[in-house]
>>> print(open('final.json').read())   # JSON, C-alpha atoms
[["chain", "number", "residue", "atom", "x", "y", "z"],
["Q", 197, "MET", "CA", 139.15, 57.46, 135.23],
["Q", 198, "SER", "CA", 138.76, 56.61, 131.55],
["Q", 199, "GLU", "CA", 138.83, 59.43, 128.98],
["Q", 200, "LEU", "CA", 135.57, 58.09, 127.65],
["Q", 201, "LEU", "CA", 132.13, 57.68, 129.19],
["Q", 202, "THR", "CA", 130.91, 54.09, 129.02],
["Q", 203, "LEU", "CA", 127.94, 52.04, 130.17],
["Q", 204, "GLU", "CA", 130.32, 50.15, 132.44],
["Q", 205, "LEU", "CA", 131.30, 53.36, 134.25],
["Q", 206, "ILE", "CA", 127.64, 54.26, 134.70],
["Q", 207, "ARG", "CA", 126.83, 50.80, 136.08],
["Q", 208, "ALA", "CA", 129.78, 51.05, 138.47],
["Q", 209, "ALA", "CA", 128.53, 54.47, 139.59],
["Q", 210, "ARG", "CA", 125.14, 52.98, 140.30],
["Q", 211, "GLU", "CA", 126.60, 50.40, 142.65],
["Q", 212, "ARG", "CA", 128.78, 53.02, 144.33],
["Q", 213, "ILE", "CA", 125.92, 55.41, 145.12],
["Q", 214, "ARG", "CA", 123.04, 52.95, 145.48],
["Q", 215, "ASP", "CA", 122.72, 53.40, 149.26],
["Q", 216, "LYS", "CA", 123.43, 57.14, 149.19],
["Q", 217, "VAL", "CA", 120.79, 58.47, 146.78],
["Q", 218, "THR", "CA", 117.08, 57.90, 146.24],
["Q", 219, "ARG", "CA", 115.68, 55.61, 143.59],
["Q", 220, "THR", "CA", 113.10, 58.10, 142.35],
["Q", 221, "PRO", "CA", 109.64, 57.16, 141.07],
["Q", 222, "VAL", "CA", 108.31, 57.41, 137.52],
["Q", 223, "LEU", "CA", 105.18, 59.58, 137.28],
["Q", 224, "THR", "CA", 102.48, 59.57, 134.60],
["Q", 225, "SER", "CA", 99.51, 61.76, 133.71],
["Q", 226, "ASP", "CA", 96.60, 61.03, 131.38],
["Q", 227, "VAL", "CA", 96.16, 64.80, 130.97],
["Q", 228, "LEU", "CA", 99.74, 65.36, 129.81],
["Q", 229, "ASP", "CA", 99.54, 62.31, 127.55],
["Q", 230, "GLY", "CA", 96.45, 63.78, 125.95],
["Q", 231, "HIS", "CA", 98.06, 67.15, 125.37],
["Q", 232, "SER", "CA", 101.25, 65.66, 123.94],
["Q", 233, "GLY", "CA", 99.77, 62.81, 121.91],
["Q", 234, "ALA", "CA", 102.43, 60.53, 123.39],
["Q", 235, "SER", "CA", 102.72, 58.28, 126.45],
["Q", 236, "LEU", "CA", 104.96, 60.21, 128.84],
["Q", 237, "PHE", "CA", 106.93, 58.74, 131.74],
["Q", 238, "PHE", "CA", 108.50, 61.32, 134.05],
["Q", 239, "LYS", "CA", 111.56, 60.28, 136.08],
["Q", 240, "ALA", "CA", 111.00, 62.43, 139.18],
["Q", 241, "GLU", "CA", 114.49, 63.57, 140.12],
["Q", 242, "ASN", "CA", 112.87, 66.54, 141.85],
["Q", 243, "LEU", "CA", 112.22, 63.97, 144.61],
["Q", 244, "GLN", "CA", 115.92, 63.08, 144.76],
["Q", 245, "LYS", "CA", 118.22, 63.98, 147.67],
["Q", 246, "ILE", "CA", 118.76, 67.78, 147.64],
["Q", 247, "GLY", "CA", 115.83, 67.98, 145.20],
["Q", 248, "ALA", "CA", 117.76, 67.33, 141.98],
["Q", 249, "PHE", "CA", 119.54, 64.70, 139.87],
["Q", 250, "LYS", "CA", 122.84, 66.39, 140.72],
["Q", 251, "ALA", "CA", 123.02, 64.27, 143.88],
["Q", 252, "ARG", "CA", 123.97, 61.33, 141.67],
["Q", 253, "GLY", "CA", 127.01, 62.78, 139.92],
["Q", 254, "ALA", "CA", 128.41, 64.62, 142.93],
["Q", 255, "THR", "CA", 128.09, 61.56, 145.16],
["Q", 256, "ASN", "CA", 129.77, 59.33, 142.60],
["Q", 257, "ALA", "CA", 132.64, 61.79, 142.24],
["Q", 258, "VAL", "CA", 133.23, 62.17, 145.98],
["Q", 259, "PHE", "CA", 133.07, 58.45, 146.69],
["Q", 260, "SER", "CA", 135.28, 57.62, 143.70],
["Q", 261, "MET", "CA", 138.19, 59.43, 145.37],
["Q", 262, "SER", "CA", 140.91, 57.74, 147.34],
["Q", 263, "ASP", "CA", 141.32, 58.81, 150.96],
["Q", 264, "ALA", "CA", 144.41, 60.81, 149.99],
["Q", 265, "GLU", "CA", 142.55, 62.60, 147.19],
["Q", 266, "ALA", "CA", 139.57, 63.40, 149.41],
["Q", 267, "ALA", "CA", 141.49, 64.53, 152.48],
["Q", 268, "ARG", "CA", 141.74, 68.22, 151.56],
["Q", 269, "GLY", "CA", 138.13, 68.43, 150.44],
["Q", 270, "VAL", "CA", 136.40, 69.36, 147.21],
["Q", 271, "VAL", "CA", 135.75, 72.57, 145.26],
["Q", 272, "THR", "CA", 133.17, 73.45, 142.68],
["Q", 273, "HIS", "CA", 131.34, 76.36, 141.06],
["Q", 274, "SER", "CA", 127.60, 76.08, 140.60],
["Q", 275, "SER", "CA", 124.37, 78.09, 140.48],
["Q", 276, "GLY", "CA", 122.91, 75.79, 143.08],
["Q", 277, "ASN", "CA", 121.91, 72.17, 142.56],
["Q", 278, "HIS", "CA", 125.41, 70.77, 141.99],
["Q", 279, "ALA", "CA", 126.65, 72.99, 144.81],
["Q", 280, "ALA", "CA", 124.14, 71.48, 147.25],
["Q", 281, "ALA", "CA", 124.81, 67.99, 145.92],
["Q", 282, "LEU", "CA", 128.56, 68.31, 146.42],
["Q", 283, "ALA", "CA", 128.11, 69.80, 149.89],
["Q", 284, "ARG", "CA", 125.90, 66.85, 150.83],
["Q", 285, "ALA", "CA", 128.29, 64.26, 149.40],
["Q", 286, "ALA", "CA", 131.24, 65.87, 151.16],
["Q", 287, "LYS", "CA", 129.31, 65.89, 154.43],
["Q", 288, "LEU", "CA", 128.56, 62.17, 154.01],
["Q", 289, "ARG", "CA", 132.28, 61.51, 153.56],
["Q", 290, "GLY", "CA", 133.33, 63.90, 156.32],
["Q", 291, "ILE", "CA", 135.40, 66.26, 154.17],
["Q", 292, "PRO", "CA", 135.11, 70.03, 153.52],
["Q", 293, "ALA", "CA", 133.28, 71.44, 150.49],
["Q", 294, "TYR", "CA", 134.26, 74.85, 149.08],
["Q", 295, "ILE", "CA", 131.49, 76.19, 146.86],
["Q", 296, "VAL", "CA", 131.67, 79.12, 144.43],
["Q", 297, "MET", "CA", 128.20, 80.49, 143.62],
["Q", 298, "PRO", "CA", 127.19, 83.39, 141.36],
["Q", 299, "ASN", "CA", 125.78, 86.27, 143.37],
["Q", 300, "ASN", "CA", 122.45, 85.97, 141.57],
["Q", 301, "ALA", "CA", 121.90, 82.31, 142.50],
["Q", 302, "PRO", "CA", 118.38, 81.69, 143.86],
["Q", 303, "LYS", "CA", 118.19, 82.30, 147.61],
["Q", 304, "THR", "CA", 116.70, 78.87, 148.23],
["Q", 305, "LYS", "CA", 119.72, 77.23, 146.58],
["Q", 306, "GLN", "CA", 122.14, 79.36, 148.60],
["Q", 307, "ALA", "CA", 120.33, 78.34, 151.78],
["Q", 308, "SER", "CA", 120.48, 74.68, 150.82],
["Q", 309, "VAL", "CA", 124.26, 74.77, 150.32],
["Q", 310, "ALA", "CA", 124.81, 76.54, 153.63],
["Q", 311, "ARG", "CA", 122.53, 74.12, 155.48],
["Q", 312, "LEU", "CA", 124.56, 71.19, 154.16],
["Q", 313, "GLY", "CA", 127.81, 72.67, 155.41],
["Q", 314, "GLY", "CA", 129.20, 74.06, 152.15],
["Q", 315, "GLN", "CA", 131.56, 77.03, 152.55],
["Q", 316, "ILE", "CA", 130.24, 79.56, 150.00],
["Q", 317, "THR", "CA", 132.28, 82.12, 148.04],
["Q", 318, "PHE", "CA", 130.20, 84.46, 145.88],
["Q", 319, "CYS", "CA", 131.32, 85.78, 142.50],
["Q", 320, "GLU", "CA", 130.00, 87.64, 139.50],
["Q", 321, "PRO", "CA", 127.58, 85.58, 137.35],
["Q", 322, "THR", "CA", 129.98, 84.79, 134.52],
["Q", 323, "THR", "CA", 131.79, 81.59, 133.63],
["Q", 324, "ALA", "CA", 135.16, 83.35, 133.84],
["Q", 325, "ALA", "CA", 134.46, 84.69, 137.33],
["Q", 326, "ARG", "CA", 133.26, 81.30, 138.57],
["Q", 327, "GLU", "CA", 136.31, 79.48, 137.24],
["Q", 328, "ALA", "CA", 138.73, 82.08, 138.58],
["Q", 329, "ALA", "CA", 137.22, 81.92, 142.06],
["Q", 330, "ALA", "CA", 137.36, 78.12, 142.04],
["Q", 331, "GLU", "CA", 141.02, 78.12, 140.95],
["Q", 332, "LYS", "CA", 141.84, 80.52, 143.79],
["Q", 333, "LEU", "CA", 140.21, 78.19, 146.32],
["Q", 334, "ILE", "CA", 142.06, 75.18, 144.93],
["Q", 335, "ALA", "CA", 145.36, 77.05, 145.28],
["Q", 336, "GLU", "CA", 144.54, 78.07, 148.87],
["Q", 337, "THR", "CA", 143.17, 74.75, 150.14],
["Q", 338, "GLY", "CA", 144.58, 72.00, 147.94],
["Q", 339, "ALA", "CA", 141.03, 70.70, 147.51],
["Q", 340, "GLN", "CA", 140.10, 68.74, 144.38],
["Q", 341, "LEU", "CA", 137.84, 70.24, 141.73],
["Q", 342, "VAL", "CA", 134.58, 68.42, 141.03],
["Q", 343, "HIS", "CA", 133.29, 70.21, 137.96],
["Q", 344, "PRO", "CA", 129.49, 70.51, 137.67],
["Q", 345, "PHE", "CA", 129.44, 68.61, 134.37],
["Q", 346, "ASN", "CA", 132.82, 68.33, 132.61],
["Q", 347, "ASP", "CA", 133.93, 65.37, 134.74],
["Q", 348, "TYR", "CA", 133.52, 61.71, 133.80],
["Q", 349, "ARG", "CA", 132.72, 60.76, 137.39],
["Q", 350, "VAL", "CA", 129.89, 63.28, 137.44],
["Q", 351, "MET", "CA", 128.66, 62.29, 133.97],
["Q", 352, "ALA", "CA", 128.61, 58.62, 134.97],
["Q", 353, "GLY", "CA", 126.65, 59.36, 138.12],
["Q", 354, "GLN", "CA", 124.03, 61.34, 136.20],
["Q", 355, "GLY", "CA", 123.54, 58.42, 133.83],
["Q", 356, "THR", "CA", 122.27, 56.24, 136.66],
["Q", 357, "ALA", "CA", 118.86, 57.96, 136.50],
["Q", 358, "THR", "CA", 118.35, 56.57, 132.99],
["Q", 359, "LEU", "CA", 119.41, 53.08, 134.04],
["Q", 360, "GLU", "CA", 116.63, 53.15, 136.62],
["Q", 361, "LEU", "CA", 114.14, 54.65, 134.18],
["Q", 362, "LEU", "CA", 114.73, 51.91, 131.62],
["Q", 363, "GLU", "CA", 114.40, 49.23, 134.29],
["Q", 364, "ASP", "CA", 111.01, 50.62, 135.28],
["Q", 365, "VAL", "CA", 109.84, 51.35, 131.72],
["Q", 366, "PRO", "CA", 111.94, 49.16, 129.39],
["Q", 367, "ASP", "CA", 109.88, 49.70, 126.23],
["Q", 368, "LEU", "CA", 110.57, 53.42, 125.76],
["Q", 369, "ASP", "CA", 111.04, 54.77, 122.24],
["Q", 370, "VAL", "CA", 112.62, 58.08, 123.28],
["Q", 371, "VAL", "CA", 114.37, 59.61, 126.28],
["Q", 372, "MET", "CA", 114.36, 63.40, 126.75],
["Q", 373, "CYS", "CA", 116.21, 65.69, 129.14],
["Q", 374, "PRO", "CA", 117.31, 69.32, 129.31],
["Q", 375, "VAL", "CA", 120.84, 70.37, 128.42],
["Q", 376, "GLY", "CA", 123.05, 73.01, 129.99],
["Q", 377, "GLY", "CA", 126.66, 71.90, 130.39],
["Q", 378, "GLY", "CA", 125.81, 68.44, 129.11],
["Q", 379, "GLY", "CA", 126.66, 66.24, 132.08],
["Q", 380, "LEU", "CA", 123.15, 64.83, 132.41],
["Q", 381, "LEU", "CA", 122.67, 64.59, 128.66],
["Q", 382, "SER", "CA", 125.96, 62.70, 128.24],
["Q", 383, "GLY", "CA", 125.10, 60.23, 130.97],
["Q", 384, "THR", "CA", 121.53, 59.88, 129.73],
["Q", 385, "ALA", "CA", 122.57, 59.23, 126.14],
["Q", 386, "VAL", "CA", 125.33, 56.74, 126.92],
["Q", 387, "ALA", "CA", 123.11, 54.83, 129.36],
["Q", 388, "ALA", "CA", 120.11, 54.82, 127.01],
["Q", 389, "LYS", "CA", 122.01, 53.75, 123.90],
["Q", 390, "GLY", "CA", 124.04, 51.24, 125.87],
["Q", 391, "VAL", "CA", 120.98, 49.51, 127.28],
["Q", 392, "LYS", "CA", 118.74, 49.94, 124.22],
["Q", 393, "PRO", "CA", 120.70, 50.85, 121.06],
["Q", 394, "GLY", "CA", 117.61, 51.70, 118.99],
["Q", 395, "ILE", "CA", 116.24, 54.30, 121.42],
["Q", 396, "ARG", "CA", 116.26, 57.99, 120.45],
["Q", 397, "VAL", "CA", 117.73, 60.65, 122.73],
["Q", 398, "ILE", "CA", 116.43, 64.21, 122.37],
["Q", 399, "ALA", "CA", 117.69, 67.17, 124.39],
["Q", 400, "VAL", "CA", 115.84, 70.44, 124.91],
["Q", 401, "GLU", "CA", 117.42, 73.81, 125.62],
["Q", 402, "PRO", "CA", 116.15, 77.36, 126.25],
["Q", 403, "ALA", "CA", 116.36, 79.54, 123.13],
["Q", 404, "GLY", "CA", 117.98, 82.18, 125.36],
["Q", 405, "ALA", "CA", 120.89, 79.82, 126.16],
["Q", 406, "ASP", "CA", 121.22, 77.84, 122.94],
["Q", 407, "ASP", "CA", 124.92, 77.01, 122.77],
["Q", 408, "ALA", "CA", 124.33, 73.23, 122.85],
["Q", 409, "ALA", "CA", 121.91, 73.38, 119.92],
["Q", 410, "ARG", "CA", 124.28, 75.64, 117.99],
["Q", 411, "SER", "CA", 127.24, 73.41, 118.79],
["Q", 412, "PHE", "CA", 125.33, 70.28, 117.78],
["Q", 413, "ALA", "CA", 124.40, 71.83, 114.43],
["Q", 414, "ALA", "CA", 127.89, 73.21, 113.78],
["Q", 415, "GLY", "CA", 129.80, 70.10, 114.85],
["Q", 416, "LYS", "CA", 131.99, 72.12, 117.20],
["Q", 417, "ILE", "CA", 131.51, 74.00, 120.46],
["Q", 418, "THR", "CA", 129.79, 77.26, 119.51],
["Q", 419, "PRO", "CA", 128.60, 79.98, 121.90],
["Q", 420, "SER", "CA", 125.09, 81.37, 122.05],
["Q", 421, "SER", "CA", 124.33, 84.17, 119.60],
["Q", 422, "GLY", "CA", 123.83, 86.81, 122.29],
["Q", 423, "PRO", "CA", 123.75, 87.31, 126.07],
["Q", 424, "VAL", "CA", 122.52, 84.23, 127.92],
["Q", 425, "ASN", "CA", 119.05, 85.02, 129.22],
["Q", 426, "THR", "CA", 116.69, 82.38, 130.55],
["Q", 427, "ILE", "CA", 114.55, 81.68, 133.58],
["Q", 428, "ALA", "CA", 116.06, 78.18, 133.55],
["Q", 429, "ASP", "CA", 119.03, 79.14, 135.74],
["Q", 430, "GLY", "CA", 120.46, 75.61, 135.78],
["Q", 431, "LEU", "CA", 120.91, 75.67, 131.99],
["Q", 432, "ARG", "CA", 122.92, 78.88, 131.59],
["Q", 433, "THR", "CA", 126.23, 77.02, 131.37],
["Q", 434, "VAL", "CA", 127.96, 76.04, 128.12],
["Q", 435, "VAL", "CA", 128.71, 72.50, 126.95],
["Q", 436, "GLY", "CA", 132.03, 71.08, 128.04],
["Q", 437, "THR", "CA", 135.02, 69.63, 126.23],
["Q", 438, "ARG", "CA", 134.24, 66.20, 127.69],
["Q", 439, "THR", "CA", 130.47, 66.31, 127.40],
["Q", 440, "PHE", "CA", 130.24, 67.58, 123.82],
["Q", 441, "PRO", "CA", 131.94, 64.57, 122.14],
["Q", 442, "GLU", "CA", 129.51, 62.26, 123.94],
["Q", 443, "ILE", "CA", 126.61, 64.43, 122.79],
["Q", 444, "GLN", "CA", 127.86, 64.37, 119.20],
["Q", 445, "GLN", "CA", 128.14, 60.59, 119.22],
["Q", 446, "HIS", "CA", 125.02, 59.54, 121.09],
["Q", 447, "VAL", "CA", 122.34, 62.28, 120.87],
["Q", 448, "ASP", "CA", 119.82, 62.32, 118.04],
["Q", 449, "ASP", "CA", 118.55, 65.90, 118.24],
["Q", 450, "ILE", "CA", 118.59, 69.11, 120.29],
["Q", 451, "VAL", "CA", 115.67, 71.54, 120.07],
["Q", 452, "THR", "CA", 115.12, 74.93, 121.68],
["Q", 453, "VAL", "CA", 112.08, 76.43, 123.41],
["Q", 454, "SER", "CA", 110.91, 79.91, 124.36],
["Q", 455, "GLU", "CA", 110.67, 81.36, 127.86],
["Q", 456, "GLY", "CA", 106.90, 81.46, 127.62],
["Q", 457, "ALA", "CA", 106.75, 77.77, 126.75],
["Q", 458, "ILE", "CA", 109.01, 76.94, 129.72],
["Q", 459, "VAL", "CA", 106.69, 78.75, 132.13],
["Q", 460, "GLN", "CA", 103.59, 77.13, 130.63],
["Q", 461, "ALA", "CA", 105.24, 73.70, 130.84],
["Q", 462, "MET", "CA", 106.29, 74.27, 134.43],
["Q", 463, "ARG", "CA", 102.78, 75.18, 135.44],
["Q", 464, "ALA", "CA", 101.29, 72.22, 133.56],
["Q", 465, "LEU", "CA", 103.64, 69.83, 135.37],
["Q", 466, "TRP", "CA", 102.77, 71.33, 138.76],
["Q", 467, "GLU", "CA", 99.05, 71.05, 138.05],
["Q", 468, "SER", "CA", 99.03, 67.57, 136.49],
["Q", 469, "LEU", "CA", 101.81, 65.71, 138.35],
["Q", 470, "LYS", "CA", 101.17, 67.47, 141.70],
["Q", 471, "VAL", "CA", 104.88, 68.01, 142.33],
["Q", 472, "ILE", "CA", 107.17, 71.05, 142.47],
["Q", 473, "VAL", "CA", 109.22, 71.41, 139.28],
["Q", 474, "GLU", "CA", 111.84, 74.12, 138.73],
["Q", 475, "PRO", "CA", 112.12, 75.97, 135.40],
["Q", 476, "SER", "CA", 115.11, 73.98, 134.08],
["Q", 477, "ALA", "CA", 113.22, 70.73, 134.71],
["Q", 478, "ALA", "CA", 110.21, 71.92, 132.72],
["Q", 479, "VAL", "CA", 112.25, 72.55, 129.58],
["Q", 480, "PRO", "CA", 111.77, 69.08, 127.98],
["Q", 481, "TYR", "CA", 107.98, 69.19, 128.34],
["Q", 482, "ALA", "CA", 108.07, 72.72, 126.88],
["Q", 483, "ALA", "CA", 109.04, 71.08, 123.59],
["Q", 484, "PHE", "CA", 105.57, 69.51, 123.54],
["Q", 485, "VAL", "CA", 103.91, 72.77, 124.59],
["Q", 486, "GLU", "CA", 105.58, 74.54, 121.67],
["Q", 487, "ARG", "CA", 105.23, 71.62, 119.21],
["Q", 488, "LYS", "CA", 109.00, 71.40, 118.72],
["Q", 489, "VAL", "CA", 108.91, 67.59, 118.66],
["Q", 490, "SER", "CA", 106.63, 65.19, 116.82],
["Q", 491, "LEU", "CA", 106.34, 62.05, 118.92],
["Q", 492, "ALA", "CA", 102.68, 61.10, 118.57],
["Q", 493, "GLY", "CA", 102.07, 57.54, 119.66],
["Q", 494, "LYS", "CA", 105.59, 57.13, 121.10],
["Q", 495, "ARG", "CA", 106.54, 56.09, 124.62],
["Q", 496, "VAL", "CA", 108.73, 58.88, 125.94],
["Q", 497, "GLY", "CA", 110.79, 59.03, 129.12],
["Q", 498, "ILE", "CA", 111.44, 62.54, 130.45],
["Q", 499, "ILE", "CA", 113.85, 63.34, 133.27],
["Q", 500, "ILE", "CA", 112.43, 65.98, 135.63],
["Q", 501, "THR", "CA", 115.77, 67.28, 136.78],
["Q", 502, "GLY", "CA", 114.88, 69.20, 139.94],
["Q", 503, "GLY", "CA", 112.40, 71.03, 142.10],
["Q", 504, "ASN", "CA", 114.38, 73.80, 143.78],
["Q", 505, "LEU", "CA", 113.14, 77.36, 143.35],
["Q", 506, "ASP", "CA", 112.02, 80.42, 145.27],
["Q", 507, "LEU", "CA", 108.33, 79.91, 146.06],
["Q", 508, "ASP", "CA", 107.96, 83.64, 146.68],
["Q", 509, "SER", "CA", 108.84, 84.34, 143.02],
["Q", 510, "LEU", "CA", 106.83, 81.89, 140.94],
["Q", 511, "PRO", "CA", 107.35, 82.69, 137.25],
["Q", 512, "TRP", "CA", 103.72, 82.66, 136.13],
["Q", 513, "ALA", "CA", 103.21, 85.71, 138.35],
["Q", 514, "ASN", "CA", 105.56, 87.55, 135.96],
["Q", 515, "THR", "CA", 103.57, 88.38, 132.83],
["Q", 516, "GLU", "CA", 106.72, 89.57, 131.02],
["Q", 517, "VAL", "CA", 107.80, 86.00, 130.25],
["Q", 518, "LEU", "CA", 104.37, 84.77, 129.15]]
>>> encode(input="final.json", output="structure tokens")
Amino acid sequence: MSELLTLELIRAARERIRDKVTRTPVLTSDVLDGHSGASLFFKAENLQKIGAFKARGATNAVFSMSDAEAARGVVTHSSGNHAAALARAAKLRGIPAYIVMPNNAPKTKQASVARLGGQITFCEPTTAAREAAAEKLIAETGAQLVHPFNDYRVMAGQGTATLELLEDVPDLDVVMCPVGGGGLLSGTAVAAKGVKPGIRVIAVEPAGADDAARSFAAGKITPSSGPVNTIADGLRTVVGTRTFPEIQQHVDDIVTVSEGAIVQAMRALWESLKVIVEPSAAVPYAAFVERKVSLAGKRVGIIITGGNLDLDSLPWANTEVL
């Protein structure tokens, strides 16, 4: 695999996974357009296999492997969506999947991984604990690591969502997505700029997990200012050594949003699009809720990254984050 993410790698990923993932629809809402002042086009990856865009990157990684590489299985660490995606991809290929999950991962995501045949090892909810547990599994099993985001195969797979989006809505001015580790953002930006060089790419991040925004401003990987604390559990990771250079080169801006804005955005998307959207997926629209972007009159594509959450703990029932 090249030490650089390219449009060619993303196009190859698309062909590799075409019959293994869903080509998701693009949703629109006059109500949301009116509130934002822009024309919004939502790429509904919450309707993807396993309920999230992560199916794309994990499937591309697993099916990029030679038979010898795949034989001992795959390992990853993930709060949920990548874990389920890798378990599904491994099941499709008939190989084992060893999944490290933080012990505070949402119950619905734990259940999804188990249902898909992933062998779960729980750890403390820190990056160090996750990586240590994954390394231990690799040593014990000989399985190959498929990192949730810092892997060119994964990054290329994630970029396929934007290829589809720009085929369906070719005259976009801007593409927006959330950023955690940067796998989706890298793939989105390289695909968008490769297909349409003049398009803008804007990422949105929770203020309580703002390492990507800080890194983007500083020009080097920079941690968040304090403890990571956000309802958007899929965005608690830090940008990677492979994703950050792509972000530096291809992304136009990264803005941050409050927890209250994320919850308001999530509820607005549920009510207007009539689909289930998880907190991480609501983060880009939160930038409109909080007036963090000025895109009046623009045609904006937004990737709704997933729809997996605990329906017994909906966030607008918790007044502390409003």
>>> residues_near_point(input="final.json", point="(133.2, 60.9, 132.6)", cutoff="10 Å", atoms="only C-alpha atoms", output="PyMOL selection string")
chain Q and resi 197-202+205-206+253+257+345-354+379+382-383+438-439+442
>>> residues_around(input="final.json", residues="stretch 213-230 of chain Q", least_positions_apart="2", cutoff="9 Å", atoms="only C-alpha atoms", output="count of residues only")
36
>>> atom_distance(input="final.json", atom1="atom CA of Q:Gly404", atom2="atom CA of Q:Leu431")
9.7 Å
>>> atom_distance(input="final.json", atom1="atom CA of Q:Gly276", atom2="atom CA of Q:Ala457")
23.1 Å
>>> closest_residue(input="final.json", among="Q:Thr272, Q:Thr322, Q:Gln445, Q:Ser509", to="Q:Pro423", atoms="all atoms listed in the file")
Q:Thr322
>>> closest_residue(input="final.json", among="Q:Pro393, Q:Pro419, Q:Gly290, Q:Gly502", to="Q:Ala405", atoms="only C-alpha atoms")
Q:Pro419
>>> atom_distance(input="final.json", atom1="atom CA of Q:Thr317", atom2="atom CA of Q:Ala301")
11.8 Å
>>> closest_residue(input="final.json", among="Q:Thr452, Q:Thr323, Q:Thr358, Q:Ser262", to="Q:Phe249", atoms="all atoms listed in the file")
Q:Thr358
>>> residues_around(input="final.json", residues="Q:Asp369", least_positions_apart="3", cutoff="9 Å", atoms="all atoms listed in the file", output="number ranges by chain")
Q: 394-397, 494-497
>>> closest_residue(input="final.json", among="Q:Ala329, Q:Ala307, Q:Ile398, Q:Met261", to="Q:Asn504", atoms="only C-alpha atoms")
Q:Ala307
>>> closest_residue(input="final.json", among="Q:Lys305, Q:Arg432, Q:Arg487, Q:Lys416", to="Q:Asn277", atoms="only C-alpha atoms")
Q:Lys305
